[in-house]
file coords_21.cif (mmCIF, C-alpha atoms)
data_target
loop_
_atom_site.label_atom_id
_atom_site.label_comp_id
_atom_site.auth_asym_id
_atom_site.auth_seq_id
_atom_site.Cartn_x
_atom_site.Cartn_y
_atom_site.Cartn_z
CA MET A 1 -58.27 -28.10 75.44
CA GLN A 2 -56.02 -29.86 72.97
CA VAL A 3 -54.37 -27.57 70.46
CA PRO A 4 -51.20 -27.95 68.40
CA ALA A 5 -48.04 -26.14 69.49
CA PRO A 6 -47.20 -22.97 67.57
CA VAL A 7 -46.50 -23.75 63.93
CA GLU A 8 -45.92 -21.77 60.75
CA TYR A 9 -48.29 -22.46 57.91
CA GLU A 10 -47.41 -22.55 54.22
CA ARG A 11 -49.58 -23.56 51.33
CA ALA A 12 -48.17 -25.43 48.35
CA THR A 13 -49.41 -24.54 44.89
CA SER A 14 -47.83 -27.52 43.10
CA VAL A 15 -45.89 -30.66 43.92
CA ASP A 16 -42.69 -28.93 42.84
CA HIS A 17 -43.49 -25.99 45.08
CA ALA A 18 -44.11 -28.35 48.01
CA ILE A 19 -40.79 -30.08 47.42
CA GLY A 20 -39.05 -26.69 47.14
CA LEU A 21 -40.53 -25.67 50.51
CA LEU A 22 -39.48 -28.99 52.05
CA GLU A 23 -35.93 -28.48 50.77
CA ARG A 24 -35.76 -25.03 52.25
CA LEU A 25 -37.33 -25.91 55.59
CA GLY A 26 -35.71 -29.30 56.14
CA SER A 27 -36.75 -31.70 58.86
CA SER A 28 -38.66 -29.00 60.74
CA ALA A 29 -41.42 -29.15 58.11
CA ARG A 30 -44.20 -31.64 57.62
CA ILE A 31 -46.70 -31.98 54.83
CA ILE A 32 -50.33 -31.79 55.89
CA ALA A 33 -53.01 -33.34 53.68
CA GLY A 34 -56.30 -34.34 55.32
CA GLY A 35 -54.72 -33.67 58.71
CA HIS A 36 -56.66 -36.40 60.48
CA SER A 37 -53.52 -38.22 61.59
CA LEU A 38 -51.05 -35.35 61.88
CA LEU A 39 -53.19 -32.81 63.78
CA PRO A 40 -54.12 -35.33 66.51
CA MET A 41 -50.41 -36.24 66.79
CA MET A 42 -49.57 -32.53 67.10
CA LYS A 43 -52.23 -32.00 69.76
CA LEU A 44 -50.68 -34.81 71.77
CA ARG A 45 -47.16 -33.39 71.19
CA LEU A 46 -46.19 -36.66 69.50
CA ALA A 47 -45.38 -34.60 66.41
CA GLY A 48 -43.92 -31.12 66.63
CA PRO A 49 -43.22 -29.67 63.21
CA GLU A 50 -42.25 -26.00 63.06
CA TYR A 51 -43.76 -25.64 59.61
CA LEU A 52 -46.81 -27.20 58.00
CA ILE A 53 -47.03 -27.34 54.23
CA ASP A 54 -50.67 -27.65 53.26
CA ILE A 55 -51.10 -29.66 50.04
CA ASN A 56 -54.90 -29.66 49.91
CA ASP A 57 -54.78 -27.37 46.88
CA LEU A 58 -52.95 -30.19 45.06
CA HIS A 59 -56.01 -32.41 45.04
CA GLY A 60 -56.40 -31.69 41.34
CA GLU A 61 -52.86 -32.91 40.72
CA LEU A 62 -52.70 -35.75 43.22
CA GLY A 63 -56.32 -36.86 43.67
CA TYR A 64 -57.08 -39.57 41.10
CA ILE A 65 -57.76 -43.25 40.57
CA ARG A 66 -56.52 -44.41 37.17
CA ILE A 67 -57.26 -47.93 36.04
CA GLU A 68 -54.65 -48.87 33.44
CA PRO A 69 -53.83 -52.16 31.76
CA GLY A 70 -51.68 -54.03 34.25
CA ARG A 71 -51.90 -51.54 37.12
CA VAL A 72 -54.00 -49.10 39.05
CA ARG A 73 -52.46 -45.74 39.94
CA ILE A 74 -53.89 -43.80 42.84
CA GLY A 75 -52.80 -40.28 43.69
CA ALA A 76 -51.62 -39.66 47.24
CA MET A 77 -54.26 -36.93 47.82
CA THR A 78 -57.14 -39.25 46.95
CA ARG A 79 -59.51 -39.04 49.87
CA HIS A 80 -61.06 -41.99 51.72
CA ARG A 81 -64.48 -41.12 50.43
CA GLU A 82 -63.26 -41.22 46.83
CA LEU A 83 -61.68 -44.62 47.40
CA LEU A 84 -64.92 -45.85 48.98
CA GLU A 85 -67.16 -44.55 46.22
CA SER A 86 -65.10 -45.59 43.19
CA ASP A 87 -66.94 -48.44 41.46
CA GLU A 88 -63.98 -48.98 39.15
CA LEU A 89 -61.64 -49.47 42.08
CA ALA A 90 -64.12 -51.78 43.83
CA GLU A 91 -64.38 -53.80 40.63
CA ALA A 92 -60.59 -54.21 40.38
CA PHE A 93 -59.89 -54.50 44.12
CA PRO A 94 -62.96 -54.94 46.35
CA ILE A 95 -60.58 -54.94 49.33
CA PHE A 96 -60.43 -51.12 49.12
CA ARG A 97 -64.17 -50.76 49.61
CA ASP A 98 -64.21 -53.40 52.37
CA ALA A 99 -61.52 -51.44 54.23
CA GLU A 100 -62.94 -47.98 53.59
CA ARG A 101 -66.30 -49.01 55.04
CA VAL A 102 -64.61 -49.60 58.40
CA ILE A 103 -62.16 -46.69 58.43
CA ALA A 104 -63.24 -44.01 60.92
CA ASP A 105 -66.58 -42.50 59.86
CA PRO A 106 -68.08 -40.72 56.83
CA VAL A 107 -67.12 -37.23 58.00
CA VAL A 108 -63.50 -38.18 58.68
CA ARG A 109 -63.45 -39.96 55.32
CA ASN A 110 -64.30 -36.64 53.64
CA ARG A 111 -60.83 -35.37 54.64
CA GLY A 112 -58.37 -38.20 55.20
CA THR A 113 -56.20 -39.28 52.26
CA LEU A 114 -54.49 -42.43 51.04
CA GLY A 115 -51.06 -40.80 51.13
CA GLY A 116 -51.58 -39.43 54.62
CA SER A 117 -52.71 -42.82 55.89
CA LEU A 118 -49.62 -44.55 54.52
CA CYS A 119 -47.25 -41.81 55.72
CA GLN A 120 -48.67 -42.04 59.23
CA ALA A 121 -47.24 -45.60 59.23
CA ASP A 122 -49.41 -46.68 62.13
CA PRO A 123 -49.10 -50.46 62.54
CA SER A 124 -52.92 -50.68 62.78
CA GLU A 125 -53.68 -48.57 59.74
CA ASP A 126 -56.08 -50.24 57.32
CA LEU A 127 -54.96 -48.88 53.95
CA SER A 128 -51.37 -49.86 54.74
CA ALA A 129 -52.60 -53.42 55.24
CA VAL A 130 -54.56 -53.19 51.97
CA CYS A 131 -51.50 -51.96 50.06
CA THR A 132 -49.31 -54.61 51.70
CA THR A 133 -51.81 -57.27 50.70
CA LEU A 134 -51.90 -56.08 47.10
CA GLY A 135 -48.12 -55.76 46.76
CA ALA A 136 -48.48 -52.06 46.03
CA SER A 137 -45.53 -49.78 45.45
CA CYS A 138 -45.09 -46.19 46.54
CA VAL A 139 -43.86 -43.41 44.30
CA ILE A 140 -41.78 -40.88 46.22
CA ARG A 141 -40.84 -37.63 44.52
CA GLY A 142 -37.92 -35.35 45.32
CA ARG A 143 -36.07 -32.60 43.50
CA ASP A 144 -34.16 -35.09 41.36
CA GLY A 145 -37.17 -37.08 40.28
CA GLU A 146 -39.10 -40.09 41.45
CA ARG A 147 -38.19 -43.35 43.08
CA VAL A 148 -40.45 -46.33 43.56
CA VAL A 149 -40.32 -48.49 46.69
CA THR A 150 -42.27 -51.53 47.88
CA MET A 151 -44.54 -51.31 50.92
CA GLU A 152 -41.93 -53.27 52.90
CA GLN A 153 -39.33 -50.65 52.02
CA PHE A 154 -41.74 -47.78 52.54
CA HIS A 155 -42.51 -48.56 56.17
CA ARG A 156 -39.42 -48.56 58.37
CA GLY A 157 -41.03 -49.14 61.73
CA PRO A 158 -43.94 -47.63 63.64
CA TYR A 159 -44.59 -44.06 62.40
CA GLU A 160 -41.46 -44.13 60.21
CA THR A 161 -41.31 -44.13 56.43
CA ALA A 162 -38.72 -44.08 53.66
CA VAL A 163 -39.84 -40.57 52.65
CA GLY A 164 -36.88 -38.21 53.09
CA ASP A 165 -36.98 -34.66 54.45
CA ALA A 166 -37.24 -33.10 51.00
CA GLU A 167 -39.47 -35.74 49.45
CA MET A 168 -43.15 -36.53 49.29
CA LEU A 169 -45.29 -39.54 48.54
CA VAL A 170 -47.18 -38.78 45.32
CA GLU A 171 -48.69 -42.03 44.08
CA ILE A 172 -49.52 -45.63 44.94
CA ARG A 173 -49.31 -48.25 42.20
CA VAL A 174 -51.11 -51.53 42.48
CA PRO A 175 -50.31 -54.31 40.01
CA VAL A 176 -53.35 -55.87 38.32
CA ARG A 177 -53.39 -59.53 37.30
CA PRO A 178 -56.32 -61.34 35.72
CA GLY A 179 -58.48 -63.83 37.58
CA GLY A 180 -58.16 -62.20 40.98
CA SER A 181 -60.24 -60.82 43.80
CA SER A 182 -59.64 -59.59 47.30
CA ALA A 183 -61.24 -58.93 50.68
CA TYR A 184 -60.61 -57.23 54.02
CA GLU A 185 -61.68 -58.41 57.46
CA LYS A 186 -61.31 -56.31 60.58
CA VAL A 187 -62.19 -56.63 64.24
CA GLU A 188 -62.29 -53.42 66.23
CA ARG A 189 -63.47 -52.44 69.68
CA ARG A 190 -66.14 -50.11 68.37
CA ALA A 191 -67.25 -48.89 64.95
CA GLY A 192 -64.62 -46.77 63.24
CA ASP A 193 -61.82 -47.57 65.68
CA TRP A 194 -58.34 -48.78 64.84
CA ALA A 195 -58.13 -52.52 64.28
CA ILE A 196 -57.46 -54.91 67.12
CA VAL A 197 -56.31 -57.03 64.19
CA SER A 198 -57.29 -57.01 60.56
CA ALA A 199 -56.40 -59.20 57.61
CA GLY A 200 -56.45 -58.53 53.91
CA ALA A 201 -56.30 -61.23 51.27
CA ALA A 202 -55.87 -61.23 47.51
CA VAL A 203 -56.31 -64.41 45.49
CA TRP A 204 -55.73 -65.17 41.81
CA MET A 205 -57.24 -68.31 40.30
CA GLU A 206 -56.43 -70.27 37.18
CA GLY A 207 -59.29 -72.65 36.55
CA ASP A 208 -60.07 -74.26 39.89
CA VAL A 209 -56.57 -73.81 41.26
CA ILE A 210 -55.10 -70.89 43.21
CA ALA A 211 -52.38 -69.37 41.02
CA ASP A 212 -51.26 -66.97 43.71
CA ALA A 213 -52.45 -65.41 46.95
CA ARG A 214 -51.25 -62.72 49.31
CA VAL A 215 -52.16 -61.93 52.89
CA GLY A 216 -51.49 -58.69 54.78
CA LEU A 217 -52.13 -58.13 58.48
CA ALA A 218 -52.54 -54.95 60.51
CA ALA A 219 -51.79 -54.43 64.20
CA VAL A 220 -49.67 -57.51 64.74
CA GLY A 221 -46.17 -56.07 64.31
CA PRO A 222 -44.20 -52.83 64.01
CA ASN A 223 -45.81 -52.21 60.60
CA THR A 224 -48.48 -53.92 58.56
CA THR A 225 -47.19 -57.37 57.82
CA GLY A 226 -47.20 -59.49 54.70
CA ILE A 227 -47.23 -63.25 55.25
CA PRO A 228 -45.24 -64.66 52.30
CA GLY A 229 -45.50 -68.19 53.72
CA VAL A 230 -49.21 -68.17 52.94
CA SER A 231 -48.53 -67.52 49.26
CA GLU A 232 -46.21 -70.51 49.08
CA ALA A 233 -48.61 -72.74 50.97
CA VAL A 234 -51.65 -72.13 48.79
CA ARG A 235 -50.13 -71.71 45.33
CA GLY A 236 -51.16 -74.47 42.91
CA ARG A 237 -53.81 -75.84 45.28
CA ARG A 238 -57.56 -75.96 45.15
CA PRO A 239 -59.37 -73.74 47.64
CA SER A 240 -60.70 -75.68 50.62
CA GLU A 241 -61.45 -75.14 54.30
CA GLU A 242 -58.34 -77.19 55.13
CA LEU A 243 -56.24 -74.88 52.98
CA TYR A 244 -57.70 -71.74 54.60
CA GLN A 245 -56.97 -73.27 58.00
CA ARG A 246 -53.37 -73.89 57.02
CA ALA A 247 -53.06 -70.30 55.83
CA GLY A 248 -54.63 -69.07 59.08
CA ASP A 249 -52.18 -71.14 61.13
CA LEU A 250 -49.28 -69.70 59.15
CA ALA A 251 -50.53 -66.14 59.66
CA ALA A 252 -50.91 -66.70 63.41
CA ARG A 253 -47.45 -68.25 63.69
CA ASN A 254 -45.69 -65.61 61.62
CA CYS A 255 -47.02 -62.45 63.22
CA ARG A 256 -45.78 -60.61 66.30
CA PRO A 257 -48.71 -59.15 68.19
CA ALA A 258 -48.18 -57.36 71.50
CA THR A 259 -50.55 -57.26 74.44
CA ASP A 260 -52.01 -53.78 74.81
CA MET A 261 -55.26 -52.02 75.69
CA ARG A 262 -56.87 -53.40 72.53
CA GLY A 263 -56.30 -57.02 73.46
CA SER A 264 -53.89 -59.73 74.55
CA ALA A 265 -51.26 -61.15 72.22
CA ASP A 266 -53.07 -64.51 72.33
CA TYR A 267 -56.37 -62.98 71.32
CA LYS A 268 -54.69 -61.10 68.47
CA ARG A 269 -53.03 -64.27 67.27
CA HIS A 270 -56.43 -65.95 67.26
CA LEU A 271 -57.83 -63.05 65.25
CA ALA A 272 -54.93 -63.22 62.77
CA GLU A 273 -55.78 -66.86 62.14
CA GLU A 274 -59.54 -66.42 61.90
CA LEU A 275 -59.49 -63.22 59.84
CA THR A 276 -56.94 -64.63 57.40
CA LYS A 277 -59.28 -67.58 56.80
CA ARG A 278 -62.29 -65.32 56.34
CA ALA A 279 -60.48 -62.95 53.96
CA LEU A 280 -59.20 -65.80 51.80
CA ARG A 281 -62.62 -67.49 51.79
CA ARG A 282 -64.34 -64.27 50.77
CA SER A 283 -61.79 -63.51 48.04
CA VAL A 284 -62.31 -66.94 46.48
CA ALA A 285 -66.10 -66.62 46.79
CA ARG A 286 -65.92 -63.32 44.93
CA ILE A 287 -63.97 -64.93 42.09
CA ASN A 288 -66.50 -67.75 41.90
CA GLU A 289 -69.43 -65.32 41.88
CA ARG A 290 -67.95 -63.64 38.85
CA VAL A 291 -67.50 -66.82 36.79
CA MET B 1 -50.92 -14.73 59.63
CA ARG B 2 -53.86 -13.29 57.77
CA VAL B 3 -56.69 -15.57 56.67
CA SER B 4 -59.74 -14.81 54.53
CA MET B 5 -62.66 -17.11 53.92
CA THR B 6 -66.38 -17.06 53.32
CA VAL B 7 -68.42 -18.00 56.36
CA ASN B 8 -72.16 -18.43 55.84
CA GLY B 9 -71.91 -16.33 52.69
CA GLU B 10 -69.99 -13.49 54.30
CA GLU B 11 -66.38 -12.65 53.39
CA ILE B 12 -64.26 -12.36 56.51
CA THR B 13 -60.58 -11.66 57.13
CA ARG B 14 -58.78 -12.10 60.44
CA GLU B 15 -55.28 -12.19 61.82
CA ILE B 16 -54.68 -15.63 63.37
CA GLU B 17 -52.02 -18.02 64.62
CA GLY B 18 -51.13 -20.85 62.23
CA ARG B 19 -52.03 -23.43 64.85
CA LEU B 20 -55.57 -22.16 65.42
CA LEU B 21 -58.20 -24.83 64.84
CA LEU B 22 -61.23 -23.98 62.74
CA VAL B 23 -63.65 -24.74 65.59
CA HIS B 24 -61.98 -22.16 67.85
CA PHE B 25 -61.74 -19.66 65.01
CA LEU B 26 -65.48 -19.89 64.46
CA ARG B 27 -66.37 -19.75 68.13
CA ASP B 28 -63.78 -17.37 69.58
CA HIS B 29 -62.91 -15.08 66.67
CA LEU B 30 -66.26 -14.91 64.88
CA SER B 31 -68.51 -15.54 67.92
CA LEU B 32 -70.32 -18.27 65.98
CA THR B 33 -70.86 -20.43 69.03
CA GLY B 34 -73.49 -22.60 67.38
CA THR B 35 -70.68 -24.92 66.37
CA HIS B 36 -69.86 -26.86 69.49
CA TRP B 37 -66.45 -27.92 70.66
CA GLY B 38 -66.50 -31.41 72.10
CA CYS B 39 -64.00 -34.22 72.22
CA ASP B 40 -60.99 -32.56 70.51
CA THR B 41 -60.19 -35.92 68.88
CA SER B 42 -62.45 -36.05 65.79
CA ASN B 43 -64.65 -38.67 67.44
CA CYS B 44 -67.77 -36.90 68.69
CA GLY B 45 -68.73 -34.83 65.65
CA THR B 46 -70.44 -31.95 67.42
CA CYS B 47 -67.98 -29.57 65.69
CA VAL B 48 -69.06 -30.59 62.17
CA VAL B 49 -69.27 -27.69 59.72
CA TRP B 50 -69.15 -27.64 55.95
CA LEU B 51 -65.97 -26.88 54.06
CA ASP B 52 -66.81 -26.27 50.41
CA GLY B 53 -70.07 -28.13 50.91
CA GLU B 54 -68.57 -31.22 52.62
CA PRO B 55 -69.09 -31.96 56.31
CA VAL B 56 -65.77 -31.88 58.19
CA LYS B 57 -64.81 -32.04 61.85
CA SER B 58 -63.64 -28.52 62.56
CA CYS B 59 -61.55 -29.62 65.57
CA THR B 60 -59.26 -31.38 63.09
CA VAL B 61 -58.96 -28.67 60.45
CA LEU B 62 -56.75 -25.61 60.89
CA ALA B 63 -58.46 -22.29 60.33
CA ALA B 64 -55.62 -21.51 57.94
CA MET B 65 -56.58 -24.54 55.85
CA ALA B 66 -60.04 -23.04 55.34
CA GLY B 67 -58.49 -19.86 53.90
CA GLY B 68 -59.94 -19.09 50.48
CA HIS B 69 -62.70 -21.63 50.99
CA GLU B 70 -66.37 -21.58 51.92
CA VAL B 71 -67.42 -22.52 55.42
CA ARG B 72 -71.00 -23.03 56.48
CA THR B 73 -72.01 -23.44 60.09
CA VAL B 74 -75.26 -24.25 61.82
CA GLU B 75 -75.98 -20.51 61.95
CA GLY B 76 -76.07 -20.60 58.15
CA LEU B 77 -78.85 -23.19 57.96
CA GLU B 78 -81.83 -20.90 58.39
CA ARG B 79 -82.78 -18.82 55.38
CA ASP B 80 -84.55 -15.47 55.60
CA GLY B 81 -85.64 -16.16 59.15
CA GLU B 82 -87.04 -19.56 58.29
CA LEU B 83 -85.55 -22.68 59.82
CA ASP B 84 -84.19 -25.33 57.51
CA PRO B 85 -86.45 -28.42 57.29
CA VAL B 86 -83.88 -30.45 59.25
CA GLN B 87 -84.06 -27.91 62.05
CA GLN B 88 -87.85 -28.08 61.94
CA GLY B 89 -87.61 -31.89 61.94
CA PHE B 90 -85.52 -31.85 65.10
CA MET B 91 -88.17 -29.66 66.76
CA GLU B 92 -91.10 -31.74 65.53
CA CYS B 93 -89.61 -35.13 66.41
CA HIS B 94 -87.76 -34.33 69.63
CA GLY B 95 -84.42 -34.71 67.86
CA LEU B 96 -82.55 -33.04 70.68
CA GLN B 97 -82.46 -33.48 74.40
CA CYS B 98 -79.44 -31.69 75.89
CA GLY B 99 -78.66 -30.24 72.46
CA PHE B 100 -74.91 -30.62 72.60
CA CYS B 101 -74.56 -32.86 69.55
CA THR B 102 -77.28 -31.04 67.61
CA PRO B 103 -75.25 -28.59 65.50
CA GLY B 104 -73.11 -31.40 64.10
CA MET B 105 -76.12 -33.64 63.58
CA LEU B 106 -77.95 -30.87 61.71
CA MET B 107 -75.03 -30.13 59.40
CA THR B 108 -74.48 -33.80 58.58
CA ALA B 109 -78.21 -34.36 58.05
CA ARG B 110 -78.48 -31.38 55.72
CA ALA B 111 -75.51 -32.65 53.68
CA LEU B 112 -77.05 -36.12 53.51
CA LEU B 113 -80.40 -34.85 52.24
CA ASP B 114 -78.69 -32.67 49.64
CA ARG B 115 -77.03 -35.77 48.21
CA ASN B 116 -79.77 -38.26 48.89
CA PRO B 117 -83.22 -36.68 49.30
CA SER B 118 -84.86 -39.93 50.38
CA PRO B 119 -82.41 -41.84 52.61
CA SER B 120 -83.30 -45.12 54.29
CA GLU B 121 -82.96 -45.46 58.04
CA ALA B 122 -79.70 -47.38 57.48
CA GLU B 123 -78.34 -44.58 55.30
CA ILE B 124 -79.21 -41.97 57.91
CA ARG B 125 -77.53 -44.02 60.63
CA GLU B 126 -74.43 -44.46 58.47
CA ALA B 127 -74.33 -40.71 57.71
CA ILE B 128 -74.40 -39.76 61.41
CA SER B 129 -72.11 -42.61 62.49
CA GLY B 130 -69.27 -40.14 63.07
CA GLN B 131 -71.34 -38.36 65.66
CA ILE B 132 -72.11 -39.18 69.23
CA CYS B 133 -75.31 -38.31 71.09
CA ARG B 134 -74.63 -38.93 74.74
CA CYS B 135 -78.34 -38.63 75.52
CA THR B 136 -78.51 -41.66 73.17
CA GLY B 137 -81.37 -40.02 71.33
CA TYR B 138 -80.53 -41.66 68.02
CA ALA B 139 -84.02 -42.99 67.35
CA THR B 140 -85.52 -39.51 67.47
CA ILE B 141 -82.61 -38.03 65.51
CA VAL B 142 -83.23 -40.53 62.71
CA ARG B 143 -86.95 -39.77 62.89
CA SER B 144 -86.20 -36.04 62.64
CA VAL B 145 -84.12 -36.50 59.50
CA ARG B 146 -86.84 -38.64 57.96
CA TRP B 147 -89.38 -35.94 58.82
CA ALA B 148 -87.24 -33.39 56.99
CA ALA B 149 -86.89 -35.68 53.98
CA ALA B 150 -90.65 -36.23 53.83
CA ARG B 151 -91.31 -32.52 54.25
CA GLU B 152 -88.95 -31.64 51.42
CA ALA B 153 -90.46 -34.30 49.18
CA ALA B 154 -93.93 -32.90 49.87
CA ASP B 155 -92.73 -29.33 49.27
CA SER B 156 -91.14 -30.19 45.95
CA GLU B 157 -94.31 -32.00 44.87
CA THR B 158 -96.33 -28.90 45.67
CA THR B 159 -93.86 -26.71 43.81
CA GLY B 160 -93.86 -29.17 40.92
CA SER B 161 -97.67 -29.20 40.59
CA MET B 162 -97.79 -25.42 40.76
CA SER B 163 -95.30 -24.91 37.96
#
call {"tool": "encode", "arguments": {"input": "coords_21.cif", "output": "C-alpha cells"}}
result
Amino acid sequence: MQVPAPVEYERATSVDHAIGLLERLGSSARIIAGGHSLLPMMKLRLAGPEYLIDINDLHGELGYIRIEPGRVRIGAMTRHRELLESDELAEAFPIFRDAERVIADPVVRNRGTLGGSLCQADPSEDLSAVCTTLGASCVIRGRDGERVVTMEQFHRGPYETAVGDAEMLVEIRVPVRPGGSSAYEKVERRAGDWAIVSAGAAVWMEGDVIADARVGLAAVGPNTTGIPGVSEAVRGRRPSEELYQRAGDLAARNCRPATDMRGSADYKRHLAEELTKRALRRSVARINERV
Amino acid sequence: MRVSMTVNGEEITREIEGRLLLVHFLRDHLSLTGTHWGCDTSNCGTCVVWLDGEPVKSCTVLAAMAGGHEVRTVEGLERDGELDPVQQGFMECHGLQCGFCTPGMLMTARALLDRNPSPSEAEIREAISGQICRCTGYATIVRSVRWAAAREAADSETTGSMS
C-alpha cells in the first residue's frame, strides 16, 4: 500500500492567505493543487513536505483562460480539462489541445492543473514543452508582489523551479502574434504515459514566408528544451520539406537525451528530429488551412 | 483533523489523519467497499468516485481535500432500490467478468452519459481510457454503456410522450 508520510493539512482561502501560510511554514510546506504529481511523489517518498496547503478553493481566483489583445493569460489553477475544452484557446494556440489530448487520461485531467504541471518541472512534462514552445512567461507572486520569469528561468533543473519558499505560481502568459499556428507531437510507450520524446512547434507566417518559428522539446534534457537554432534557420524562408529536415537535424543535434527505460539516446534523438519536422509541418498546414 | 463531507447524500464527519487518501477513507472509515483500491498510482481507475459531480481517482485525492464537498460512490448509483441504467447495462451485456474494475467503470460511464446522453463508441472508449480492465472485457463494457444510453433514450421518449 502506497500512502504519503504523515503531513499536516491546511486549506488556503485566498492567494494572499496561501502566501501567508507559506511564509509562516517555510520550506517544510508545499502547495497542493490537483495533487496528481505531488501525491504520487509523496507516496514514493520523493517529496516529504510536513505541511500541505490546499489551493483547490482558489479555482475561482486562479482558474481562467483570458484571451487579450497581444497575450493569453491562464490562471495556474486552470485544470487540464478546461485547457482541452477551451475553443478560444484552441483557436489561438492549437498546440494546447494537441498536448492535452495525450496527457494522462480524462479522469486525471479533471484534477491536474497547468500550474501544478509546470511546478512539477518534470523534463518529460507536456505543458512545460508547450509553454517553452510558445515563449510563455510565468507570474510568481510573493508577499511583496509579483515577478515575471521566462520558462528558461522558471525551470532550474529536473523537479526544480524558480518559485521561492514563500511564493507561488499564479499565472502563465503567452504572447500572441498574428499569422501564427502551432502543433504538438508526442511519442509515448502507451496511451497517457509520459513522453519518450515530444516536440512542440509554433510558426508565424508573413505571406508565403516564415516570419518566425519556435520549437520546444520534452524529455531530451534536464528540463523541456527550446531550440533557438531552429528559429534562426527558418526565419525569412519559405516552408519546404528541406527546411523541416534542417530544423529536425538542428533539434536532434542540440538536445541531450539520456538512455533510460523509455528508450535509448539514439532513438530519442531520432524522435526529436522526426517530431520536430512533423510539428512544424502541421503548424504551417494549419496556417494554410485558415487562409 | 476533523473532516466533514457529503457522501452519497449523507453528511458525515470523521476524525482523520491529514495523509489519509480518499479511497481508504471511503473503504476503511465509512465501510463503503464498493470503491475498489487498485494500482495506487492513478493508472487503473478502479477507485474512481465523483467529487462535486466530476469523476476523480480517489487514490490520488486526500480525504481532507474532499472536506466540504460532495462525494458519490458506486453505492450511490442505485436509487430507491432500483439499479442505475448503467448498472443494468453491465448486467445485460456482460460488462463485468471478475468485477474488479467495475465500480470505476460504472462511475465514469454514468458521468459520461450525464454529459453526453448519446455517445459514440469512440467517445465511450475515450471516457474510460483512464481505466484498466485486466479481463480485457472492453468490448462488452462499451456495449453495456451503449445499452444504458439506449435505455435512457427510450425512457425519456416514453416520459416525453406521456407528458
call {"tool": "closest_residue", "arguments": {"input": "coords_21.cif", "among": "A:Lys268, A:Arg177, A:Arg143, A:Lys43", "to": "chain B", "atoms": "all atoms listed in the file"}}
result
A:Lys43
call {"tool": "closest_atom_pairs", "arguments": {"input": "coords_21.cif", "of": "chain B", "to": "chain A", "cutoff": "7 Å", "atoms": "all atoms listed in the file", "output": "JSON lines"}}
result
{"residue": "B:Gly18", "atom": "CA", "partner": "A:Tyr9", "partner_atom": "CA", "distance": 5.4}
{"residue": "B:Arg19", "atom": "CA", "partner": "A:Pro6", "partner_atom": "CA", "distance": 5.6}
{"residue": "B:Asp40", "atom": "CA", "partner": "A:Gln2", "partner_atom": "CA", "distance": 6.2}
{"residue": "B:Thr41", "atom": "CA", "partner": "A:Pro40", "partner_atom": "CA", "distance": 6.5}
{"residue": "B:Glu54", "atom": "CA", "partner": "A:Asn110", "partner_atom": "CA", "distance": 7.0}
{"residue": "B:Pro55", "atom": "CA", "partner": "A:Val107", "partner_atom": "CA", "distance": 5.9}
{"residue": "B:Val56", "atom": "CA", "partner": "A:Val107", "partner_atom": "CA", "distance": 5.5}
{"residue": "B:Lys57", "atom": "CA", "partner": "A:Val107", "partner_atom": "CA", "distance": 6.9}
{"residue": "B:Thr60", "atom": "CA", "partner": "A:His36", "partner_atom": "CA", "distance": 6.2}
{"residue": "B:Val61", "atom": "CA", "partner": "A:Gly35", "partner_atom": "CA", "distance": 6.8}
{"residue": "B:Ala127", "atom": "CA", "partner": "A:Pro106", "partner_atom": "CA", "distance": 6.3}
{"residue": "B:Ser129", "atom": "CA", "partner": "A:Asp105", "partner_atom": "CA", "distance": 6.1}
{"residue": "B:Gly130", "atom": "CA", "partner": "A:Asp105", "partner_atom": "CA", "distance": 4.8}
call {"tool": "write_last_selection", "arguments": {"input": "coords_21.cif", "atoms": "C-alpha atoms", "output": "PDB file, keeping the file's coordinate frame"}}
result
ATOM      1  CA  GLY B  18     -51.130 -20.850  62.230  1.00  0.00           C
ATOM      2  CA  ARG B  19     -52.030 -23.430  64.850  1.00  0.00           C
ATOM      3  CA  ASP B  40     -60.990 -32.560  70.510  1.00  0.00           C
ATOM      4  CA  THR B  41     -60.190 -35.920  68.880  1.00  0.00           C
ATOM      5  CA  GLU B  54     -68.570 -31.220  52.620  1.00  0.00           C
ATOM      6  CA  PRO B  55     -69.090 -31.960  56.310  1.00  0.00           C
ATOM      7  CA  VAL B  56     -65.770 -31.880  58.190  1.00  0.00           C
ATOM      8  CA  LYS B  57     -64.810 -32.040  61.850  1.00  0.00           C
ATOM      9  CA  THR B  60     -59.260 -31.380  63.090  1.00  0.00           C
ATOM     10  CA  VAL B  61     -58.960 -28.670  60.450  1.00  0.00           C
ATOM     11  CA  ALA B 127     -74.330 -40.710  57.710  1.00  0.00           C
ATOM     12  CA  SER B 129     -72.110 -42.610  62.490  1.00  0.00           C
ATOM     13  CA  GLY B 130     -69.270 -40.140  63.070  1.00  0.00           C
TER      14      GLY B 130
END
call {"tool": "resolve_selection", "arguments": {"input": "coords_21.cif", "expression": "the PyMOL selection byres ((chain A and resi 245) around 10)", "output": "VMD selection string"}}
result
chain A and resid 240 to 244 246 to 251 273 to 274 276 to 278 280
call {"tool": "residues_around", "arguments": {"input": "coords_21.cif", "residues": "Val170 of chain A", "least_positions_apart": "3", "cutoff": "12 Å", "atoms": "only C-alpha atoms", "output": "number ranges by chain"}}
result
A: 14-16, 18-19, 31, 33, 55, 58-59, 61-64, 73-78, 113-116, 118-119, 137-142, 145-149, 163, 167, 173
call {"tool": "resolve_selection", "arguments": {"input": "coords_21.cif", "expression": "the PyMOL selection byres ((chain B and resi 35) around 6)", "output": "list in words"}}
result
Thr33, Gly34, His36, Cys47 and Pro103 of chain B
call {"tool": "write_last_selection", "arguments": {"input": "coords_21.cif", "atoms": "C-alpha atoms", "output": "PDB file, in the frame of the given file"}}
result
ATOM      1  CA  THR B  33     -70.860 -20.430  69.030  1.00  0.00           C
ATOM      2  CA  GLY B  34     -73.490 -22.600  67.380  1.00  0.00           C
ATOM      3  CA  HIS B  36     -69.860 -26.860  69.490  1.00  0.00           C
ATOM      4  CA  CYS B  47     -67.980 -29.570  65.690  1.00  0.00           C
ATOM      5  CA  PRO B 103     -75.250 -28.590  65.500  1.00  0.00           C
TER       6      PRO B 103
END
call {"tool": "atom_distance", "arguments": {"input": "coords_21.cif", "atom1": "atom CA of Asp28 of chain B", "atom2": "atom CA of Ala66 of chain B"}}
result
15.8 Å
call {"tool": "closest_residue", "arguments": {"input": "coords_21.cif", "among": "B:Phe25, B:Tyr138, B:Phe100, B:Phe90", "to": "Met65 of chain B", "atoms": "all atoms listed in the file"}}
result
B:Phe25
